[in-house]
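Peer 1: target-v5.txt is reproduced in full below (compact mmCIF, C-alpha atoms).
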```
# COMPACT_ATOMS: atom_id res chain seq x y z
CA MET X 1 108.67 120.20 79.64
CA LYS X 2 108.40 119.13 75.98
CA ASN X 3 111.35 116.73 76.45
CA SER X 4 110.12 115.28 79.75
CA LYS X 5 109.09 111.65 80.03
CA TYR X 6 105.79 112.95 81.39
CA TYR X 7 105.08 115.05 78.30
CA PRO X 8 102.83 112.36 76.70
CA TRP X 9 100.47 112.91 79.64
CA VAL X 10 100.84 116.69 79.32
CA VAL X 11 99.60 116.28 75.73
CA VAL X 12 96.55 114.43 77.02
CA GLY X 13 95.91 117.24 79.50
CA LEU X 14 96.28 119.98 76.89
CA LEU X 15 93.99 118.20 74.44
CA TRP X 16 91.50 117.40 77.21
CA ILE X 17 90.62 121.08 77.37
CA VAL X 18 90.34 121.27 73.57
CA ALA X 19 87.99 118.27 73.65
CA LEU X 20 85.92 119.96 76.35
CA LEU X 21 85.57 123.12 74.26
CA ASN X 22 84.82 121.03 71.16
CA TYR X 23 81.74 119.47 72.69
CA MET X 24 80.66 122.37 74.88
CA ASP X 25 80.45 124.77 71.94
CA ARG X 26 78.38 122.38 69.83
CA GLN X 27 76.19 121.14 72.73
CA MET X 28 75.03 124.51 74.06
CA LEU X 29 72.56 124.96 71.24
CA ALA X 30 70.73 121.73 72.21
CA THR X 31 69.73 123.17 75.59
CA MET X 32 69.27 126.86 74.74
CA ARG X 33 66.45 126.38 72.27
CA PRO X 34 63.70 127.61 74.69
CA SER X 35 65.59 130.86 75.27
CA MET X 36 66.41 131.37 71.60
CA GLU X 37 62.99 130.63 70.11
CA ALA X 38 61.57 133.85 71.57
CA ASP X 39 63.96 135.79 69.30
CA ILE X 40 64.15 133.32 66.40
CA VAL X 41 60.63 131.97 65.85
CA GLU X 42 61.70 129.20 63.42
CA LEU X 43 63.21 127.35 66.39
CA GLN X 44 59.73 126.77 67.81
CA SER X 45 59.46 123.87 65.36
CA ALA X 46 61.30 120.72 66.50
CA THR X 47 61.70 119.78 62.83
CA ASN X 48 63.52 123.05 62.10
CA PHE X 49 65.63 122.58 65.18
CA GLY X 50 66.51 119.08 63.96
CA HIS X 51 67.61 120.57 60.63
CA LEU X 52 69.81 123.08 62.46
CA MET X 53 71.49 120.36 64.50
CA ALA X 54 71.79 118.06 61.48
CA ILE X 55 73.56 120.53 59.15
CA PHE X 56 76.47 120.56 61.57
CA LEU X 57 76.60 116.76 61.48
CA TRP X 58 76.38 116.46 57.68
CA ILE X 59 79.19 118.97 57.13
CA TYR X 60 81.20 117.49 60.00
CA GLY X 61 80.79 114.04 58.49
CA PHE X 62 81.82 115.02 54.96
CA MET X 63 84.88 116.83 56.31
CA SER X 64 86.04 114.05 58.66
CA PRO X 65 87.91 111.85 56.13
CA VAL X 66 89.40 114.97 54.54
CA ALA X 67 90.51 116.10 58.00
CA GLY X 68 92.01 112.66 58.66
CA GLY X 69 94.01 112.78 55.43
CA ILE X 70 95.28 116.26 56.26
CA ALA X 71 96.29 115.14 59.77
CA ASP X 72 98.27 112.20 58.33
CA LYS X 73 100.26 114.53 56.06
CA PHE X 74 100.76 117.78 57.96
CA ASN X 75 101.72 119.05 61.42
CA ARG X 76 98.89 118.17 63.78
CA LYS X 77 99.78 120.86 66.32
CA TRP X 78 98.89 123.66 63.91
CA LEU X 79 95.86 121.79 62.66
CA ILE X 80 94.52 121.55 66.22
CA VAL X 81 95.32 125.18 67.05
CA GLY X 82 93.72 126.45 63.85
CA SER X 83 90.65 124.30 64.26
CA LEU X 84 90.05 125.48 67.83
CA PHE X 85 90.54 129.13 66.88
CA VAL X 86 88.04 128.98 64.01
CA TRP X 87 85.23 127.10 65.79
CA SER X 88 85.61 129.34 68.84
CA GLY X 89 85.31 132.36 66.55
CA VAL X 90 82.14 130.85 65.09
CA THR X 91 80.73 130.30 68.60
CA PHE X 92 81.49 133.94 69.41
CA ALA X 93 79.78 135.05 66.19
CA MET X 94 76.65 133.02 67.03
CA GLY X 95 76.15 135.42 69.93
CA TYR X 96 75.41 138.10 67.33
CA ALA X 97 73.07 136.01 65.14
CA ASN X 98 69.53 137.33 64.73
CA THR X 99 68.02 134.99 62.13
CA PHE X 100 67.63 131.25 61.58
CA GLN X 101 69.64 131.50 58.35
CA GLN X 102 72.59 133.07 60.16
CA LEU X 103 72.57 130.29 62.77
CA TYR X 104 72.27 127.69 60.03
CA TRP X 105 75.36 128.84 58.12
CA LEU X 106 77.40 129.39 61.26
CA ARG X 107 76.63 125.81 62.33
CA ALA X 108 77.80 124.66 58.89
CA VAL X 109 81.13 126.49 59.30
CA MET X 110 81.47 125.04 62.79
CA GLY X 111 81.08 121.58 61.26
CA VAL X 112 84.08 122.20 59.00
CA SER X 113 86.35 123.54 61.75
CA GLU X 114 85.43 121.02 64.45
CA ALA X 115 85.91 118.07 62.08
CA LEU X 116 89.60 118.93 61.80
CA TYR X 117 90.23 118.27 65.48
CA ILE X 118 89.25 114.70 66.46
CA PRO X 119 91.34 112.69 63.92
CA ALA X 120 94.38 114.89 64.59
CA GLY X 121 93.97 114.85 68.37
CA LEU X 122 93.42 111.10 68.74
CA SER X 123 96.19 110.11 66.34
CA LEU X 124 98.59 112.45 68.17
CA ILE X 125 97.73 110.81 71.50
CA ALA X 126 98.12 107.34 69.95
CA ASP X 127 101.61 108.28 68.74
CA PHE X 128 102.65 109.52 72.18
CA HIS X 129 101.23 106.45 74.01
CA GLN X 130 101.98 102.79 73.31
CA GLU X 131 99.81 99.76 74.03
CA LYS X 132 100.34 99.79 77.83
CA THR X 133 98.75 103.24 78.26
CA ARG X 134 96.95 103.89 74.97
CA SER X 135 93.37 103.05 76.03
CA LEU X 136 93.71 104.94 79.30
CA ALA X 137 95.18 107.99 77.53
CA VAL X 138 92.41 107.97 74.92
CA GLY X 139 89.85 107.39 77.67
CA ILE X 140 91.05 110.35 79.72
CA HIS X 141 90.92 112.51 76.60
CA MET X 142 87.34 111.37 75.94
CA THR X 143 86.32 112.56 79.42
CA GLY X 144 87.00 116.05 78.10
CA LEU X 145 84.29 115.49 75.50
CA TYR X 146 81.89 114.38 78.21
CA MET X 147 82.74 117.30 80.45
CA GLY X 148 82.14 119.63 77.52
CA GLN X 149 78.80 117.95 76.92
CA ALA X 150 77.91 118.42 80.60
CA LEU X 151 78.94 122.07 80.67
CA GLY X 152 77.02 122.60 77.44
CA GLY X 153 73.95 121.56 79.39
CA PHE X 154 74.37 124.71 81.47
CA GLY X 155 73.91 126.79 78.34
CA ALA X 156 70.20 126.96 79.19
CA THR X 157 71.00 128.05 82.75
CA VAL X 158 73.37 130.80 81.58
CA ALA X 159 70.88 131.92 78.94
CA GLU X 160 68.14 132.12 81.57
CA ALA X 161 70.33 134.10 83.99
CA PHE X 162 71.71 136.45 81.32
CA THR X 163 70.95 135.96 77.60
CA TRP X 164 71.72 133.28 75.03
CA HIS X 165 73.81 135.88 73.19
CA THR X 166 76.05 136.27 76.25
CA ALA X 167 76.53 132.50 76.59
CA PHE X 168 77.80 132.11 73.01
CA ARG X 169 80.08 135.13 73.21
CA ALA X 170 81.64 134.16 76.54
CA PHE X 171 82.41 130.54 75.62
CA GLY X 172 83.68 131.54 72.19
CA LEU X 173 86.13 134.00 73.69
CA ILE X 174 87.48 131.36 76.08
CA GLY X 175 88.31 129.08 73.15
CA ILE X 176 90.08 131.84 71.21
CA VAL X 177 92.34 132.60 74.18
CA TYR X 178 93.13 128.90 74.75
CA ALA X 179 94.11 128.45 71.07
CA ILE X 180 96.79 131.10 71.61
CA ILE X 181 98.01 129.31 74.76
CA LEU X 182 98.36 126.01 72.85
CA ILE X 183 100.81 127.58 70.42
CA PHE X 184 103.42 127.72 73.20
CA PHE X 185 102.84 124.34 74.88
CA LEU X 186 101.72 121.75 72.31
CA ARG X 187 104.16 119.98 69.96
CA GLU X 188 104.04 117.30 67.31
CA ALA X 189 105.26 113.77 68.16
CA LYS X 190 108.91 113.35 67.12
CA SER X 191 108.20 110.04 65.40
CA ALA X 192 105.62 111.73 63.20
CA VAL X 193 107.77 114.69 62.12
CA ASN X 194 110.00 112.55 59.89
CA SER X 195 107.01 110.68 58.49
CA ILE X 196 105.33 113.96 57.56
CA LYS X 197 108.47 115.22 55.81
CA THR X 198 108.92 111.92 53.96
CA ALA X 199 105.30 111.89 52.83
CA GLN X 200 105.59 115.45 51.55
CA GLU X 201 108.83 114.67 49.70
CA LYS X 202 107.33 111.63 47.97
CA LEU X 203 104.01 113.26 47.23
CA GLU X 204 104.92 114.18 43.66
CA LYS X 205 106.56 110.82 42.90
CA GLN X 206 103.77 108.53 44.10
CA ARG X 207 100.02 108.27 43.76
CA PRO X 208 98.23 110.93 45.78
CA PHE X 209 98.60 109.97 49.44
CA ALA X 210 94.88 110.19 50.10
CA PHE X 211 94.06 107.66 47.39
CA LYS X 212 96.80 105.32 48.60
CA ALA X 213 95.48 105.48 52.15
CA LEU X 214 91.90 104.85 51.02
CA ALA X 215 92.98 101.91 48.86
CA ILE X 216 94.82 100.30 51.78
CA LEU X 217 91.96 100.87 54.20
CA PHE X 218 89.15 99.70 51.93
CA THR X 219 90.93 96.46 51.08
CA ASN X 220 91.15 95.68 54.80
CA ILE X 221 88.09 93.61 55.75
CA SER X 222 88.61 94.28 59.46
CA PHE X 223 88.40 98.01 58.80
CA TRP X 224 84.95 97.54 57.22
CA VAL X 225 83.81 95.72 60.35
CA ILE X 226 85.22 98.49 62.56
CA LEU X 227 83.49 101.06 60.36
CA PHE X 228 80.12 99.34 60.80
CA TYR X 229 80.64 98.72 64.50
CA PHE X 230 81.51 102.39 65.03
CA ALA X 231 78.58 103.69 62.98
CA VAL X 232 75.74 101.77 64.61
CA PRO X 233 76.34 102.80 68.26
CA SER X 234 76.71 106.36 66.94
CA LEU X 235 72.94 106.34 66.35
CA PRO X 236 72.06 106.29 70.07
CA GLY X 237 75.25 108.19 70.88
CA TRP X 238 74.23 111.23 68.86
CA ALA X 239 70.59 110.78 69.83
CA THR X 240 71.51 111.26 73.49
CA LYS X 241 73.74 114.24 72.70
CA ASN X 242 71.07 116.12 70.75
CA TRP X 243 67.74 114.87 72.12
CA LEU X 244 68.27 113.56 75.66
CA PRO X 245 67.52 116.96 77.26
CA THR X 246 64.22 117.04 75.32
CA LEU X 247 63.45 113.43 76.29
CA PHE X 248 64.11 114.21 79.98
CA ALA X 249 61.87 117.28 79.78
CA GLN X 250 59.05 115.32 78.10
CA ASN X 251 59.22 112.11 80.16
CA LEU X 252 59.68 113.84 83.51
CA ASP X 253 57.54 116.91 82.71
CA ILE X 254 60.21 119.38 83.87
CA PRO X 255 61.49 122.65 82.30
CA MET X 256 64.50 122.57 79.97
CA SER X 257 66.54 124.71 82.39
CA SER X 258 66.42 121.69 84.76
CA ALA X 259 66.33 118.89 82.16
CA GLY X 260 69.42 120.20 80.32
CA PRO X 261 71.89 120.05 83.23
CA LEU X 262 70.30 116.88 84.69
CA SER X 263 70.59 114.91 81.45
CA THR X 264 74.03 116.09 80.37
CA ILE X 265 75.62 115.80 83.82
CA THR X 266 74.18 112.30 84.28
CA ILE X 267 75.64 111.14 80.97
CA ALA X 268 78.93 112.97 81.52
CA VAL X 269 79.60 111.58 85.01
CA SER X 270 78.80 108.00 84.04
CA SER X 271 80.77 108.29 80.79
CA PHE X 272 83.73 109.66 82.74
CA ILE X 273 83.68 106.54 84.92
CA GLY X 274 83.18 104.35 81.84
CA VAL X 275 86.19 105.63 79.88
CA ILE X 276 88.53 105.42 82.88
CA CYS X 277 87.38 101.91 83.87
CA GLY X 278 87.25 100.83 80.23
CA GLY X 279 90.71 102.23 79.56
CA ILE X 280 92.36 100.56 82.56
CA LEU X 281 90.56 97.25 81.98
CA SER X 282 91.44 97.22 78.27
CA ASP X 283 95.14 98.07 78.80
CA ARG X 284 95.47 95.23 81.31
CA TRP X 285 93.29 92.69 79.51
CA VAL X 286 95.12 93.10 76.18
CA GLN X 287 98.41 92.13 77.89
CA ARG X 288 96.89 88.70 78.59
CA ASN X 289 94.48 88.31 75.68
CA ILE X 290 94.94 89.98 72.30
CA LYS X 291 91.15 90.45 72.07
CA GLY X 292 91.03 92.25 75.43
CA ARG X 293 90.16 95.58 73.84
CA ILE X 294 87.42 93.96 71.73
CA TYR X 295 85.86 92.34 74.80
CA THR X 296 86.04 95.53 76.87
CA SER X 297 84.32 97.51 74.11
CA ALA X 298 81.68 94.77 73.76
CA ILE X 299 80.86 94.92 77.48
CA GLY X 300 80.31 98.65 77.13
CA ILE X 301 77.99 98.35 74.14
CA ALA X 302 76.05 95.55 75.85
CA LEU X 303 75.29 97.95 78.73
CA THR X 304 73.68 100.46 76.38
CA ILE X 305 71.05 98.03 75.12
CA PRO X 306 68.85 97.80 78.27
CA SER X 307 69.58 101.49 78.88
CA LEU X 308 67.95 102.50 75.60
CA LEU X 309 64.84 100.48 76.42
CA LEU X 310 64.56 102.13 79.82
CA LEU X 311 65.23 105.61 78.42
CA GLY X 312 62.46 105.12 75.90
CA PHE X 313 59.79 103.73 78.19
CA GLY X 314 60.75 105.05 81.64
CA HIS X 315 58.73 107.94 83.05
CA SER X 316 60.00 108.21 86.61
CA LEU X 317 63.11 110.09 87.73
CA PHE X 318 64.67 106.86 89.02
CA HIS X 319 64.13 104.94 85.78
CA VAL X 320 65.33 107.67 83.43
CA VAL X 321 68.38 108.69 85.47
CA THR X 322 69.39 105.04 86.06
CA ALA X 323 69.12 104.36 82.33
CA ALA X 324 71.21 107.43 81.49
CA LEU X 325 73.88 106.41 84.02
CA CYS X 326 74.06 102.90 82.58
CA PHE X 327 74.19 104.23 79.02
CA GLY X 328 76.99 106.65 79.85
CA LEU X 329 79.02 103.94 81.59
CA GLY X 330 78.72 101.60 78.63
CA PHE X 331 79.28 104.21 75.95
CA GLY X 332 82.35 105.43 77.81
CA MET X 333 83.88 101.95 77.70
CA PHE X 334 83.13 101.83 73.98
CA ASP X 335 84.60 105.30 73.34
CA ALA X 336 87.86 104.56 75.17
CA ASN X 337 88.66 101.64 72.89
CA ASN X 338 87.79 102.77 69.37
CA MET X 339 91.17 104.25 68.49
CA PRO X 340 93.13 101.50 70.38
CA ILE X 341 91.18 98.80 68.48
CA LEU X 342 91.87 100.64 65.23
CA CYS X 343 95.59 100.59 66.10
CA GLN X 344 95.45 96.77 66.13
CA PHE X 345 94.41 96.69 62.46
CA VAL X 346 95.74 99.90 60.85
CA SER X 347 99.29 101.31 60.59
CA SER X 348 100.08 104.62 62.31
CA LYS X 349 100.62 106.17 58.85
CA TYR X 350 96.91 105.92 58.07
CA ARG X 351 95.20 106.11 61.47
CA ALA X 352 94.02 109.71 61.22
CA THR X 353 92.54 109.00 57.78
CA ALA X 354 90.93 105.83 59.12
CA TYR X 355 89.46 107.60 62.13
CA GLY X 356 88.26 110.39 59.87
CA LEU X 357 86.31 107.83 57.84
CA MET X 358 84.94 106.30 61.05
CA ASN X 359 83.93 109.75 62.22
CA MET X 360 82.22 110.38 58.89
CA VAL X 361 79.99 107.30 58.99
CA GLY X 362 79.32 107.84 62.70
CA VAL X 363 78.33 111.45 62.18
CA PHE X 364 76.20 110.65 59.13
CA SER X 365 74.38 108.16 61.33
CA GLY X 366 74.01 110.94 63.87
CA ALA X 367 72.72 113.40 61.27
CA TYR X 368 70.10 110.91 60.14
CA ILE X 369 68.94 110.09 63.67
CA THR X 370 68.89 113.79 64.65
CA ASP X 371 66.57 114.65 61.77
CA PHE X 372 64.48 111.52 62.36
CA LEU X 373 64.02 112.21 66.07
CA GLY X 374 63.05 115.80 65.34
CA ARG X 375 60.07 114.52 63.37
CA SER X 376 59.52 111.84 66.01
CA SER X 377 59.37 114.46 68.76
CA ASP X 378 56.79 116.50 66.85
CA ALA X 379 54.73 113.31 66.37
CA GLY X 380 55.01 112.33 70.06
CA HIS X 381 57.04 109.14 69.43
CA LEU X 382 60.45 110.20 70.82
CA GLY X 383 60.58 107.66 73.65
CA LYS X 384 59.46 104.70 71.54
CA ASP X 385 62.00 105.45 68.82
CA PHE X 386 64.79 105.76 71.38
CA ALA X 387 63.95 102.24 72.60
CA THR X 388 63.94 100.83 69.03
CA LEU X 389 67.65 101.65 68.70
CA ALA X 390 68.47 98.85 71.19
CA GLY X 391 67.81 96.13 68.62
CA ILE X 392 70.07 97.73 66.01
CA VAL X 393 72.92 98.04 68.52
CA LEU X 394 72.58 94.34 69.43
CA ILE X 395 73.20 93.34 65.79
CA ALA X 396 76.38 95.46 65.65
CA LEU X 397 77.63 93.91 68.88
CA LEU X 398 77.27 90.35 67.56
CA ILE X 399 79.07 91.24 64.31
CA GLN X 400 81.96 92.84 66.21
CA LEU X 401 82.47 89.84 68.48
CA TYR X 402 82.45 87.36 65.62
CA PHE X 403 84.53 89.11 62.96
CA LEU X 404 87.16 91.22 64.76
CA ARG X 405 90.17 89.00 65.45
CA PRO X 406 93.36 91.05 66.02
CA LYS X 407 96.80 89.43 65.83
CA VAL X 408 98.93 92.24 67.34
CA ASN X 409 98.59 95.13 69.78
CA ASP X 410 100.11 97.71 67.43
CA TYR X 411 99.83 97.01 63.70
CA VAL X 412 102.82 97.91 61.51
CA ASP X 413 102.76 97.47 57.73
```
Any chance you could give the structure as structure tokens?
Peer 2:
Amino acid sequence: MKNSKYYPWVVVGLLWIVALLNYMDRQMLATMRPSMEADIVELQSATNFGHLMAIFLWIYGFMSPVAGGIADKFNRKWLIVGSLFVWSGVTFAMGYANTFQQLYWLRAVMGVSEALYIPAGLSLIADFHQEKTRSLAVGIHMTGLYMGQALGGFGATVAEAFTWHTAFRAFGLIGIVYAIILIFFLREAKSAVNSIKTAQEKLEKQRPFAFKALAILFTNISFWVILFYFAVPSLPGWATKNWLPTLFAQNLDIPMSSAGPLSTITIAVSSFIGVICGGILSDRWVQRNIKGRIYTSAIGIALTIPSLLLLGFGHSLFHVVTAALCFGLGFGMFDANNMPILCQFVSSKYRATAYGLMNMVGVFSGAYITDFLGRSSDAGHLGKDFATLAGIVLIALLIQLYFLRPKVNDYVD
């Protein structure tokens, strides 16, 4: 199987499940707060809950560039397996937590372990898939993240039927078992094996690889634009991940056990459609126009702007669900093209490091907005502040369209 011409798609399938577990394990906490606050009283404060969600993002963000550098130098198979095993163990351990402090530190450890996955996983897929299938492959992989987000929404349902302890333990155990399965089926891309060995052999003779990679990336003006363009949409992206269930519950006046699944499934289904359509459109458009991936991503981001306004000010089921569907569709198109666009400006030798830096600024944006919206929710301004994000996204869209001008489909230095 590992030598089959279909193995690049097998890799996407294997990592799809890892992506699902990645988001499901982190998302469950967002919907299980009502069940948990009876046992852990600190969670009754939205501000405290925002701090709990944000510590994961701050640690995740700081670790992302480090994780990218590690993925560019070492075997990504073992990095992915180890990352999955550790964060699944943390999820399992959260089922035994009894205090806010225990949850807080476990979320911090989860931030470290989960950060190791995304740069390694996406760069591995990019190495297995060339420009004709790269956006579609990345897009399919991203649907795993959305499915994990959707299933995480059922954390509240499971917690209500059983206990929140049971939900954490069960999902954590699933991840531990799957990490063992990956050992036998996942492999590193052949083209990367030699590069890894060469980098390790030259490590003592050259400047530290991490500093060389950072120097190359930070002298690339296009990378700065990509960095900014990735960071700004991350504000509403993380806002929907962490606060959309609460917004649904407040705006529609429904319990969290209903708002959690409704919000996450709505976003997940529409995002699934967005990444597939965005991936296919981008792969075809770039064959005719070198800016095809840029334009596809721009269409997606443009769709999120009216969605944010409607999410913020809509108070009927039709308005809120329609806005969430439109947001998911647009954000999916954006998500499917981030790594493929990066490939047009950055060599494969530095892509994991580059994506790690992108992940860092995106997650820091998410940490800020998560804390901010926690205070906003306590003050009763959650909807209005959601809508305000539309103007910031519009600025990022205009900058991306004007400054990003790729010359090739696959950059080689």
Peer 1: For a quick check of understanding, using only C-alpha atoms, which of X:Gly312, X:Pro65, X:Pro34, X:Gly121 has the smallest distance to Trp164 in chain X?
Peer 2: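 Under the stated criterion, the closest residue is X:Pro34.
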Peer 1: Which residue out of X:Arg284, X:Phe248, X:Val90, X:Ala67 has the minimum interatomic distance to Ala170 in chain X when all atoms listed in the file are used?
Peer 2: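 So, comparing all the options, the nearest one is X:Val90.
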Peer 1: When you draw a straight line from CA of Ser297 in chain X to CA of Ile265 in chain X, how long is it in Å?
Peer 2: 22.5 Å
Peer 1: Could you pull the residues within 10 Å of Gln400 in chain X, counting all atoms listed in the file, minus those fewer than 2 positions along the same chain, as an mmCIF file with C-alpha atoms, in the coordinates of the input?
Peer 2:
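Final output, saved to around39.cif:
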```cif
data_model
loop_
_atom_site.group_PDB
_atom_site.id
_atom_site.type_symbol
_atom_site.label_atom_id
_atom_site.label_comp_id
_atom_site.auth_asym_id
_atom_site.auth_seq_id
_atom_site.Cartn_x
_atom_site.Cartn_y
_atom_site.Cartn_z
ATOM 1 C CA SER X 222 88.610 94.280 59.460
ATOM 2 C CA VAL X 225 83.810 95.720 60.350
ATOM 3 C CA ILE X 226 85.220 98.490 62.560
ATOM 4 C CA PHE X 228 80.120 99.340 60.800
ATOM 5 C CA TYR X 229 80.640 98.720 64.500
ATOM 6 C CA PHE X 230 81.510 102.390 65.030
ATOM 7 C CA ILE X 294 87.420 93.960 71.730
ATOM 8 C CA TYR X 295 85.860 92.340 74.800
ATOM 9 C CA SER X 297 84.320 97.510 74.110
ATOM 10 C CA ALA X 298 81.680 94.770 73.760
ATOM 11 C CA ILE X 395 73.200 93.340 65.790
ATOM 12 C CA ALA X 396 76.380 95.460 65.650
ATOM 13 C CA LEU X 397 77.630 93.910 68.880
ATOM 14 C CA LEU X 398 77.270 90.350 67.560
ATOM 15 C CA TYR X 402 82.450 87.360 65.620
ATOM 16 C CA PHE X 403 84.530 89.110 62.960
ATOM 17 C CA LEU X 404 87.160 91.220 64.760
ATOM 18 C CA ARG X 405 90.170 89.000 65.450
#
```
Peer 1: Give me, please, the distance in Å between CA of Ile140 in chain X and CA of Ala167 in chain X, quoted to one decimal.
Peer 2: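 Between these atoms lies a distance of 26.7 Å.
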Peer 1: To one decimal in Å, tell me the separation between CA of Ala38 in chain X and CA of Ala367 in chain X.
Peer 2: 25.5 Å
